[in-house]
Each structure stands twice: as structure tokens, then as C-alpha cells.
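Here the structure comes first, spelled out in C-alpha cells, and everything after it is commentary.
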Amino acid sequence: MVVTQENVAVNGSRRLSPQEIADTLRERIRTGDLKAGDRLPTQAELAEEFGVERGAVRQALRALQEDGLLSNVSKGSPPRIAERIPVTDKPQPTMVALAPRLAEAFTAPHVRIDAACLTAETLMVALGEPLRLIHEGSISPESIEVRILLPSREITLAFPVPVEEPEDGNPVHERWLTQRNAQGHVLRHNLQSLRSSHGIDVNVSFRALPFTPPVKLYLLNGTEALIAYYMVTRREELSDSGPLDMYDVLGSASLLFSFDKDAGQRDAAFVEQSQKWFNALWETITTDLTLS
């Protein structure tokens with residue numbers, strides 16, 4: 001690091017940068033020295049502790065706020081440490097594990113959720129928890145951006161598929177397509193309603209994948225990656241036209257594995273590469289998706 005005059009304190013020692021201050025506070029949160037609900041010292045007290053100007057402290061607090069680590073950030077009052085949802089080392093089913101991770105992600109002022117999946121069912125259901133917290137006033141993000149990659153209706157899916165080739169049409173594909181569209185509509189409606197009810201800037205967009213995703217991936221604020229494998233199984237479902245014998249996947253029941261950018265170099269690399277993979281698909285071989 002190049003030491004400039006701005007980084008040198010009066011006594012000649014190097015001043016901490018805003019990033020270093022943020023990292024120090026982040027470590028105190030991680031180790032439990034600062035616990036959920038604790039109020040931080042004032043900016044003046046932090047500036048005195050670290051031997052810096054208050055502007056450096058404000059930048060550090062802003063970085064922690066963007067990471068979702070601080071709540072109740074307002075002028076004239078020190079922020080509190082956000083209520084962190086405990087992350088268990090044991091993977092849990094997606095339907096169980098996703099909702100609390102989304103709730104924590106929504107404590108950030110600017111929320112960004114990216115998802116690549118077969119349908120939006122699990123995401124649609126899991127978003128119920130952060131939406132509940134918004135409506136009760138526990139959290140209040142300024143903006144929400146959600147980008148979702150779903151398989152195109154034009155491709156031949158790897159799953160779900162009929163066990164035997166149907167003689168007329170493909171009722172399994174039509175069933176999947178109906179679910180994909182209905183769940184996407186509900187998800188978008190529930191989020192966009194926050195514009196009128198809470199004045200939150202919301203943007204929800206979909207793009208179509210030219211292949212069947214073998215896993216479901218959720219990226220939360222660019223800091224956490226959650227991944228689960230689609231487990232293929234044979235099952236039968238009743239429909240209006242009779243029983244459907246098909247190879248389908250266990251989506252909501254599949255185990256969800258979490259990788260956190262702050263958990264070490266290995267996790268940080270996985271989050272970074274997963275985000276690059278998603279962005280590359282979004283910007284290149286995918287196409288606009290219209291929910292019919």
C-alpha cells in the first residue's frame with residue numbers, strides 16, 4: 001500500500017483506511033465481541049479510537065451497512081449490529097435454509113438477488129419471510145433487484161420428462177411450463193407491490209436459459225452463494241388427463257450448501273466465480289423471457 005500524507009497521523013504513524021476500519025469492526029462482529037442488537041459507539045468515539053477523521057469512519061460504516069451488518073442506520077443515532085441468522089455447518093433442505101438467508105440479505109439497503117433454477121417455486125415461497133419483515137417494519141431496504149434465469153420454453157428439458165414418450169403432446173412439459181409462468185408472476189407481483197406500499201425501488205427481470213440447469217444457484221448481494229443439486233427421481237402425479245409417470249427432481253428438499261465471501265479464500269473464490277458465471281450467462285447466451 002502506498003502511504004500518502006492523508007494516511008499519516010500527526011505522530012507519524014500510519015492512519016487506518018476506511019476499509020481497514022470496516023475489516024476490524026467486521027472481525028469484532030464475527031468473533032462475537034459485537035453481538036446482534038448491540039449499538040456501535042458514536043462516530044466521534046470511533047474516530048478517536050482509530051485515530052482518524054470522522055469521514056473515514058462514515059465510509060467504514062457505509063461499507064458495513066452495504067454488507068447488511070448494520071441496522072437502524074440513521075442520522076444522529078449510532079447504528080446497531082444487525083440481527084444475524086445463525087448459519088449451521090450442517091446443510092439443510094432448500095425450503096428450510098433459503099428463507100432465513102434471504103431475510104438476512106434483505107437487511108442491506110440495496111438488495112440484489114440472482115437466481116438460476118428450474119422454476120421459481122422455492123424462491124417465491126422463501127421470499128415470504130423478508131416480505132413479512134418489511135411489512136412489519138423490521139427491515140426497510142431502499143432498493144431490491146432480482147434477476148432470475150429459467151429454462152426456455154423452446155428447449156427439450158432434461159427433466160422433468162415422461163418415462164415413456166407420449167403419443168400426443170408432452171403433458172409433463174406443459175405442466176412444468178404452467179408452473180414456471182405462474183410462480184414467476186406471483187414472485188414478481190409480490191415484490192413489485194412494495195413500490196406502492198413502501199416506496200421501495202424494485203426491479204424484477206427474467207431471462208431464458210438454453211439448457212436445463214443441473215443445480216439451483218442463489219447469489220445474495222454478491223457476498224453469499226447458495227447451491228443445491230437437483231436430485232432426479234421417478235414419480236407419478238395425477239393430472240386432469242390421468243396419471244403422469246415421469247422423471248422429476250427434488251428441488252425444495254435438496255440440501256442447500258452455503259459459501260460466504262467472508263469465510264475465507266476458498267469460499268470467497270466460489271462466490272466470485274459463481275457471480276461471474278451468472279453474469280456471463282445473463283449477458284451472452286440467454287434471451288428475454290416473457291411469462292405467458
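Residue numbering restarts at 1 in every chain; chains get A, B, ... in the order shown in the C-alpha cells, and ligands count up from 1 in that same order.
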
Secondary structure check, alpha helix (DSSP H) residues of segment 58-286 of chain A, as a count of residues only:
83

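With only C-alpha atoms as the atoms that count, the minimum distance from Pro141 of chain A to the choices A:Gln192, A:Asn181, A:Ser71, A:Thr94 is reached by A:Ser71.
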
Extract, using only C-alpha atoms, all DNA, RNA and protein residues at most 10 Å from segment 255-265 of chain A, discarding same-chain residues fewer than 5 positions from it, and format them as a PDB file with N, CA and C atoms, in the first residue's frame.
ATOM      1  N   ARG A  26     -15.785  -5.613  11.349  1.00  0.00           N
ATOM      2  CA  ARG A  26     -16.360  -6.853  10.835  1.00  0.00           C
ATOM      3  C   ARG A  26     -15.843  -8.054  11.618  1.00  0.00           C
ATOM      4  N   GLU A  27     -14.564  -8.039  11.969  1.00  0.00           N
ATOM      5  CA  GLU A  27     -13.970  -9.129  12.740  1.00  0.00           C
ATOM      6  C   GLU A  27     -14.553  -9.178  14.153  1.00  0.00           C
ATOM      7  N   ARG A  30     -17.809 -10.867  13.795  1.00  0.00           N
ATOM      8  CA  ARG A  30     -17.644 -12.301  13.528  1.00  0.00           C
ATOM      9  C   ARG A  30     -17.293 -13.079  14.793  1.00  0.00           C
ATOM     10  N   VAL A  87     -25.804 -19.503  11.038  1.00  0.00           N
ATOM     11  CA  VAL A  87     -25.582 -20.414   9.915  1.00  0.00           C
ATOM     12  C   VAL A  87     -25.034 -21.724  10.453  1.00  0.00           C
ATOM     13  N   THR A  88     -25.807 -22.770  10.326  1.00  0.00           N
ATOM     14  CA  THR A  88     -25.345 -24.051  10.816  1.00  0.00           C
ATOM     15  C   THR A  88     -24.384 -24.685   9.821  1.00  0.00           C
ATOM     16  N   ASP A  89     -23.418 -25.447  10.327  1.00  0.00           N
ATOM     17  CA  ASP A  89     -22.471 -26.123   9.458  1.00  0.00           C
ATOM     18  C   ASP A  89     -23.143 -27.251   8.695  1.00  0.00           C
ATOM     19  N   LYS A  90     -24.254 -27.751   9.215  1.00  0.00           N
ATOM     20  CA  LYS A  90     -24.954 -28.850   8.581  1.00  0.00           C
ATOM     21  C   LYS A  90     -25.906 -28.319   7.525  1.00  0.00           C
ATOM     22  N   PRO A  91     -25.746 -28.728   6.250  1.00  0.00           N
ATOM     23  CA  PRO A  91     -26.665 -28.265   5.200  1.00  0.00           C
ATOM     24  C   PRO A  91     -28.099 -28.677   5.532  1.00  0.00           C
ATOM     25  N   GLN A  92     -29.036 -27.811   5.172  1.00  0.00           N
ATOM     26  CA  GLN A  92     -30.452 -28.067   5.405  1.00  0.00           C
ATOM     27  C   GLN A  92     -31.194 -28.090   4.074  1.00  0.00           C
ATOM     28  N   PRO A  93     -32.403 -28.660   4.045  1.00  0.00           N
ATOM     29  CA  PRO A  93     -33.191 -28.628   2.804  1.00  0.00           C
ATOM     30  C   PRO A  93     -33.402 -27.194   2.336  1.00  0.00           C
ATOM     31  N   THR A  94     -33.442 -27.016   1.034  1.00  0.00           N
ATOM     32  CA  THR A  94     -33.528 -25.673   0.460  1.00  0.00           C
ATOM     33  C   THR A  94     -34.716 -24.892   1.002  1.00  0.00           C
ATOM     34  N   MET A  95     -35.870 -25.530   1.122  1.00  0.00           N
ATOM     35  CA  MET A  95     -37.060 -24.824   1.584  1.00  0.00           C
ATOM     36  C   MET A  95     -36.912 -24.345   3.021  1.00  0.00           C
ATOM     37  N   VAL A  96     -36.056 -25.016   3.809  1.00  0.00           N
ATOM     38  CA  VAL A  96     -35.820 -24.622   5.198  1.00  0.00           C
ATOM     39  C   VAL A  96     -34.744 -23.553   5.276  1.00  0.00           C
ATOM     40  N   ALA A  97     -33.677 -23.727   4.509  1.00  0.00           N
ATOM     41  CA  ALA A  97     -32.485 -22.888   4.663  1.00  0.00           C
ATOM     42  C   ALA A  97     -32.548 -21.563   3.919  1.00  0.00           C
ATOM     43  N   LEU A  98     -33.289 -21.494   2.827  1.00  0.00           N
ATOM     44  CA  LEU A  98     -33.236 -20.300   1.983  1.00  0.00           C
ATOM     45  C   LEU A  98     -33.900 -19.091   2.622  1.00  0.00           C
ATOM     46  N   ARG A 101     -31.749 -17.009   5.055  1.00  0.00           N
ATOM     47  CA  ARG A 101     -30.631 -16.359   4.369  1.00  0.00           C
ATOM     48  C   ARG A 101     -31.129 -15.152   3.583  1.00  0.00           C
ATOM     49  N   LYS A 216     -29.482 -25.627  -8.617  1.00  0.00           N
ATOM     50  CA  LYS A 216     -30.091 -24.321  -8.388  1.00  0.00           C
ATOM     51  C   LYS A 216     -29.080 -23.473  -7.639  1.00  0.00           C
ATOM     52  N   LEU A 217     -28.949 -22.215  -8.062  1.00  0.00           N
ATOM     53  CA  LEU A 217     -27.949 -21.313  -7.500  1.00  0.00           C
ATOM     54  C   LEU A 217     -28.610 -20.006  -7.108  1.00  0.00           C
ATOM     55  N   TYR A 218     -28.310 -19.549  -5.899  1.00  0.00           N
ATOM     56  CA  TYR A 218     -28.796 -18.259  -5.423  1.00  0.00           C
ATOM     57  C   TYR A 218     -27.600 -17.416  -4.987  1.00  0.00           C
ATOM     58  N   LEU A 219     -27.528 -16.194  -5.482  1.00  0.00           N
ATOM     59  CA  LEU A 219     -26.451 -15.275  -5.129  1.00  0.00           C
ATOM     60  C   LEU A 219     -27.072 -14.090  -4.398  1.00  0.00           C
ATOM     61  N   LEU A 220     -26.607 -13.842  -3.173  1.00  0.00           N
ATOM     62  CA  LEU A 220     -27.210 -12.829  -2.312  1.00  0.00           C
ATOM     63  C   LEU A 220     -26.246 -11.669  -2.113  1.00  0.00           C
ATOM     64  N   GLY A 222     -24.056 -10.403  -3.751  1.00  0.00           N
ATOM     65  CA  GLY A 222     -22.680 -10.603  -4.196  1.00  0.00           C
ATOM     66  C   GLY A 222     -21.745 -11.097  -3.111  1.00  0.00           C
ATOM     67  N   THR A 223     -22.286 -11.457  -1.929  1.00  0.00           N
ATOM     68  CA  THR A 223     -21.439 -11.868  -0.812  1.00  0.00           C
ATOM     69  C   THR A 223     -21.663 -13.315  -0.389  1.00  0.00           C
ATOM     70  N   GLU A 224     -22.737 -13.927  -0.860  1.00  0.00           N
ATOM     71  CA  GLU A 224     -23.027 -15.308  -0.469  1.00  0.00           C
ATOM     72  C   GLU A 224     -23.583 -16.066  -1.666  1.00  0.00           C
ATOM     73  N   ALA A 225     -23.118 -17.306  -1.820  1.00  0.00           N
ATOM     74  CA  ALA A 225     -23.617 -18.191  -2.868  1.00  0.00           C
ATOM     75  C   ALA A 225     -24.223 -19.419  -2.211  1.00  0.00           C
ATOM     76  N   LEU A 226     -25.441 -19.761  -2.611  1.00  0.00           N
ATOM     77  CA  LEU A 226     -26.139 -20.930  -2.096  1.00  0.00           C
ATOM     78  C   LEU A 226     -26.418 -21.855  -3.267  1.00  0.00           C
ATOM     79  N   ILE A 227     -26.046 -23.119  -3.125  1.00  0.00           N
ATOM     80  CA  ILE A 227     -26.181 -24.050  -4.243  1.00  0.00           C
ATOM     81  C   ILE A 227     -26.768 -25.369  -3.764  1.00  0.00           C
ATOM     82  N   ALA A 228     -27.636 -25.947  -4.586  1.00  0.00           N
ATOM     83  CA  ALA A 228     -28.247 -27.240  -4.277  1.00  0.00           C
ATOM     84  C   ALA A 228     -28.345 -28.046  -5.564  1.00  0.00           C
ATOM     85  N   TYR A 229     -28.133 -29.341  -5.445  1.00  0.00           N
ATOM     86  CA  TYR A 229     -28.223 -30.224  -6.610  1.00  0.00           C
ATOM     87  C   TYR A 229     -29.666 -30.664  -6.839  1.00  0.00           C
ATOM     88  N   TYR A 230     -30.056 -30.697  -8.097  1.00  0.00           N
ATOM     89  CA  TYR A 230     -31.350 -31.278  -8.439  1.00  0.00           C
ATOM     90  C   TYR A 230     -31.204 -32.797  -8.461  1.00  0.00           C
ATOM     91  N   MET A 231     -31.908 -33.491  -7.565  1.00  0.00           N
ATOM     92  CA  MET A 231     -31.848 -34.945  -7.475  1.00  0.00           C
ATOM     93  C   MET A 231     -32.983 -35.553  -8.292  1.00  0.00           C
ATOM     94  N   LEU A 250     -36.149 -33.387  -7.061  1.00  0.00           N
ATOM     95  CA  LEU A 250     -36.450 -32.902  -5.723  1.00  0.00           C
ATOM     96  C   LEU A 250     -35.769 -31.552  -5.574  1.00  0.00           C
ATOM     97  N   PHE A 270     -15.310 -19.099  -4.557  1.00  0.00           N
ATOM     98  CA  PHE A 270     -16.520 -19.736  -5.081  1.00  0.00           C
ATOM     99  C   PHE A 270     -17.605 -18.696  -5.339  1.00  0.00           C
ATOM    100  N   VAL A 271     -17.793 -17.772  -4.400  1.00  0.00           N
ATOM    101  CA  VAL A 271     -18.798 -16.721  -4.577  1.00  0.00           C
ATOM    102  C   VAL A 271     -18.466 -15.874  -5.797  1.00  0.00           C
ATOM    103  N   GLU A 272     -17.195 -15.480  -5.925  1.00  0.00           N
ATOM    104  CA  GLU A 272     -16.780 -14.629  -7.046  1.00  0.00           C
ATOM    105  C   GLU A 272     -16.987 -15.326  -8.382  1.00  0.00           C
TER     106      GLU A 272
END

List the neighbours of segment 240-244 of chain A out to 9 Å using only C-alpha atoms; skip same-chain residues closer than 5 positions along the sequence, and give me the result as a list in words.
Pro162, Val163, Pro171, Val172 and Arg235 of chain A

Go ahead and dump the residues you just picked, all heavy atoms, as a short mmCIF file (atom, residue, chain, number, x, y, z; two decimals), in the first residue's frame.
data_model
loop_
_atom_site.label_atom_id
_atom_site.label_comp_id
_atom_site.auth_asym_id
_atom_site.auth_seq_id
_atom_site.Cartn_x
_atom_site.Cartn_y
_atom_site.Cartn_z
N PRO A 162 -41.38 -37.32 -19.38
CA PRO A 162 -42.14 -38.57 -19.23
C PRO A 162 -41.20 -39.78 -19.25
O PRO A 162 -40.17 -39.77 -19.94
CB PRO A 162 -43.07 -38.57 -20.45
CG PRO A 162 -43.04 -37.16 -20.98
CD PRO A 162 -41.72 -36.60 -20.62
N VAL A 163 -41.55 -40.79 -18.49
CA VAL A 163 -40.76 -42.02 -18.51
C VAL A 163 -40.84 -42.65 -19.90
O VAL A 163 -39.84 -43.15 -20.44
CB VAL A 163 -41.26 -43.00 -17.42
CG1 VAL A 163 -40.56 -44.35 -17.56
CG2 VAL A 163 -41.01 -42.41 -16.04
N PRO A 171 -47.48 -33.73 -21.85
CA PRO A 171 -48.17 -33.14 -20.70
C PRO A 171 -47.22 -32.78 -19.56
O PRO A 171 -47.50 -31.87 -18.79
CB PRO A 171 -49.17 -34.22 -20.28
CG PRO A 171 -48.61 -35.50 -20.83
CD PRO A 171 -47.94 -35.12 -22.10
N VAL A 172 -46.09 -33.49 -19.45
CA VAL A 172 -45.13 -33.18 -18.39
C VAL A 172 -44.48 -31.82 -18.65
O VAL A 172 -44.32 -31.00 -17.74
CB VAL A 172 -44.06 -34.28 -18.29
CG1 VAL A 172 -42.95 -33.87 -17.31
CG2 VAL A 172 -44.69 -35.59 -17.85
N ARG A 235 -41.35 -40.52 -10.32
CA ARG A 235 -42.56 -40.38 -9.52
C ARG A 235 -43.78 -40.26 -10.41
O ARG A 235 -43.66 -40.02 -11.61
CB ARG A 235 -42.46 -39.19 -8.57
CG ARG A 235 -42.53 -37.83 -9.22
CD ARG A 235 -42.32 -36.74 -8.20
NE ARG A 235 -42.60 -35.41 -8.74
CZ ARG A 235 -43.80 -34.85 -8.73
NH1 ARG A 235 -44.84 -35.49 -8.21
NH2 ARG A 235 -44.00 -33.65 -9.23
#

One number please: atom CA of Thr156 of chain A to atom CA of Val215 of chain A, in Å, one decimal.
17.0 Å

Hey, what does DSSP flag as strand (DSSP E) within segment 59-269 of chain A? Can you give it to me as a PyMOL selection string?
chain A and resi 70-71+80-81+92-93+110-116+143-151+161-162+201-209+215-220+224-229+231-239+242-250+255-260

Residues within 12 Å of Cys117 of chain A, please, as a ChimeraX atom specification. Count only C-alpha atoms; anything in the same chain fewer than 3 positions from it doesn't count.
/A:114,120-124,147-152,180,184,206-209,211-219,226-230,249,251-252,278

Atoms kept (N, CA, C and O atoms) for selection, written as a compact mmCIF listing (two decimals), in the first residue's frame:
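Below is the file that was written, part32.txt:
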# COMPACT_ATOMS: atom_id res chain seq x y z
N ASP A 114 -29.69 -12.86 -7.28
CA ASP A 114 -29.60 -13.53 -8.58
C ASP A 114 -29.90 -15.01 -8.37
O ASP A 114 -29.41 -15.61 -7.40
N ALA A 120 -39.31 -20.98 -10.22
CA ALA A 120 -39.10 -20.01 -9.14
C ALA A 120 -39.87 -20.40 -7.89
O ALA A 120 -40.04 -19.57 -6.99
N GLU A 121 -40.29 -21.66 -7.77
CA GLU A 121 -41.16 -22.07 -6.67
C GLU A 121 -40.51 -21.83 -5.30
O GLU A 121 -41.08 -21.16 -4.43
N THR A 122 -39.30 -22.37 -5.09
CA THR A 122 -38.66 -22.25 -3.79
C THR A 122 -38.35 -20.80 -3.45
O THR A 122 -38.57 -20.35 -2.32
N LEU A 123 -37.87 -20.05 -4.44
CA LEU A 123 -37.56 -18.64 -4.21
C LEU A 123 -38.83 -17.87 -3.89
O LEU A 123 -38.85 -17.01 -2.99
N MET A 124 -39.92 -18.16 -4.61
CA MET A 124 -41.19 -17.48 -4.37
C MET A 124 -41.66 -17.68 -2.93
O MET A 124 -42.06 -16.73 -2.25
N ARG A 147 -32.81 -10.88 -10.32
CA ARG A 147 -32.61 -11.40 -11.69
C ARG A 147 -32.72 -12.92 -11.62
O ARG A 147 -32.06 -13.55 -10.80
N ILE A 148 -33.54 -13.49 -12.50
CA ILE A 148 -33.80 -14.92 -12.45
C ILE A 148 -33.58 -15.54 -13.82
O ILE A 148 -34.13 -15.07 -14.82
N LEU A 149 -32.80 -16.60 -13.84
CA LEU A 149 -32.59 -17.40 -15.06
C LEU A 149 -33.42 -18.67 -14.95
O LEU A 149 -33.29 -19.43 -13.99
N LEU A 150 -34.29 -18.89 -15.95
CA LEU A 150 -35.13 -20.08 -16.01
C LEU A 150 -34.99 -20.71 -17.39
O LEU A 150 -34.71 -20.01 -18.37
N PRO A 151 -35.20 -22.02 -17.52
CA PRO A 151 -35.10 -22.65 -18.83
C PRO A 151 -36.11 -22.08 -19.82
O PRO A 151 -37.24 -21.75 -19.47
N SER A 152 -35.70 -21.99 -21.06
CA SER A 152 -36.57 -21.53 -22.12
C SER A 152 -37.66 -22.56 -22.40
O SER A 152 -37.44 -23.77 -22.28
N ARG A 180 -43.86 -22.82 -14.10
CA ARG A 180 -42.81 -21.82 -14.26
C ARG A 180 -43.40 -20.43 -14.41
O ARG A 180 -42.98 -19.48 -13.76
N GLY A 184 -43.49 -17.44 -11.44
CA GLY A 184 -42.78 -16.21 -11.79
C GLY A 184 -43.67 -14.99 -11.66
O GLY A 184 -43.24 -13.94 -11.17
N PHE A 206 -36.40 -11.47 -15.83
CA PHE A 206 -36.19 -12.88 -16.14
C PHE A 206 -35.47 -12.99 -17.48
O PHE A 206 -35.69 -12.19 -18.38
N ARG A 207 -34.62 -14.02 -17.60
CA ARG A 207 -34.04 -14.38 -18.89
C ARG A 207 -34.10 -15.89 -19.04
O ARG A 207 -34.14 -16.63 -18.05
N ALA A 208 -34.12 -16.34 -20.30
CA ALA A 208 -34.33 -17.75 -20.60
C ALA A 208 -33.01 -18.46 -20.89
O ALA A 208 -32.22 -18.01 -21.73
N LEU A 209 -32.79 -19.56 -20.20
CA LEU A 209 -31.61 -20.39 -20.41
C LEU A 209 -31.84 -21.35 -21.59
O LEU A 209 -32.94 -21.88 -21.74
N PHE A 211 -30.60 -24.25 -21.75
CA PHE A 211 -30.32 -25.59 -21.25
C PHE A 211 -31.02 -25.79 -19.91
O PHE A 211 -31.50 -24.82 -19.29
N THR A 212 -31.08 -27.04 -19.46
CA THR A 212 -31.67 -27.37 -18.16
C THR A 212 -30.60 -27.25 -17.09
O THR A 212 -29.59 -27.97 -17.14
N PRO A 213 -30.75 -26.38 -16.10
CA PRO A 213 -29.73 -26.25 -15.06
C PRO A 213 -29.68 -27.50 -14.18
O PRO A 213 -30.72 -27.94 -13.66
N PRO A 214 -28.49 -28.11 -13.98
CA PRO A 214 -28.39 -29.30 -13.12
C PRO A 214 -28.41 -28.97 -11.64
O PRO A 214 -28.57 -29.86 -10.81
N VAL A 215 -28.23 -27.70 -11.31
CA VAL A 215 -28.26 -27.25 -9.91
C VAL A 215 -29.09 -25.98 -9.84
O VAL A 215 -29.36 -25.33 -10.85
N LYS A 216 -29.48 -25.63 -8.62
CA LYS A 216 -30.09 -24.32 -8.39
C LYS A 216 -29.08 -23.47 -7.64
O LYS A 216 -28.40 -23.95 -6.72
N LEU A 217 -28.95 -22.22 -8.06
CA LEU A 217 -27.95 -21.31 -7.50
C LEU A 217 -28.61 -20.01 -7.11
O LEU A 217 -29.38 -19.43 -7.88
N TYR A 218 -28.31 -19.55 -5.90
CA TYR A 218 -28.80 -18.26 -5.42
C TYR A 218 -27.60 -17.42 -4.99
O TYR A 218 -26.76 -17.90 -4.22
N LEU A 219 -27.53 -16.19 -5.48
CA LEU A 219 -26.45 -15.28 -5.13
C LEU A 219 -27.07 -14.09 -4.40
O LEU A 219 -27.95 -13.42 -4.93
N LEU A 226 -25.44 -19.76 -2.61
CA LEU A 226 -26.14 -20.93 -2.10
C LEU A 226 -26.42 -21.85 -3.27
O LEU A 226 -26.98 -21.43 -4.27
N ILE A 227 -26.05 -23.12 -3.12
CA ILE A 227 -26.18 -24.05 -4.24
C ILE A 227 -26.77 -25.37 -3.76
O ILE A 227 -26.49 -25.83 -2.66
N ALA A 228 -27.64 -25.95 -4.59
CA ALA A 228 -28.25 -27.24 -4.28
C ALA A 228 -28.35 -28.05 -5.56
O ALA A 228 -28.60 -27.50 -6.64
N TYR A 229 -28.13 -29.34 -5.45
CA TYR A 229 -28.22 -30.22 -6.61
C TYR A 229 -29.67 -30.66 -6.84
O TYR A 229 -30.39 -30.96 -5.89
N TYR A 230 -30.06 -30.70 -8.10
CA TYR A 230 -31.35 -31.28 -8.44
C TYR A 230 -31.20 -32.80 -8.46
O TYR A 230 -30.44 -33.35 -9.26
N VAL A 249 -37.49 -33.89 -10.37
CA VAL A 249 -36.41 -33.59 -9.44
C VAL A 249 -36.95 -33.14 -8.09
O VAL A 249 -38.05 -32.60 -7.99
N GLY A 251 -36.54 -30.49 -5.74
CA GLY A 251 -35.95 -29.16 -5.67
C GLY A 251 -35.95 -28.58 -4.28
O GLY A 251 -34.90 -28.30 -3.70
N SER A 252 -37.13 -28.43 -3.68
CA SER A 252 -37.22 -27.82 -2.35
C SER A 252 -36.62 -28.69 -1.27
O SER A 252 -36.22 -28.19 -0.21
N PHE A 278 -22.85 -16.46 -13.49
CA PHE A 278 -24.22 -15.96 -13.67
C PHE A 278 -24.24 -14.75 -14.60
O PHE A 278 -25.05 -14.69 -15.53
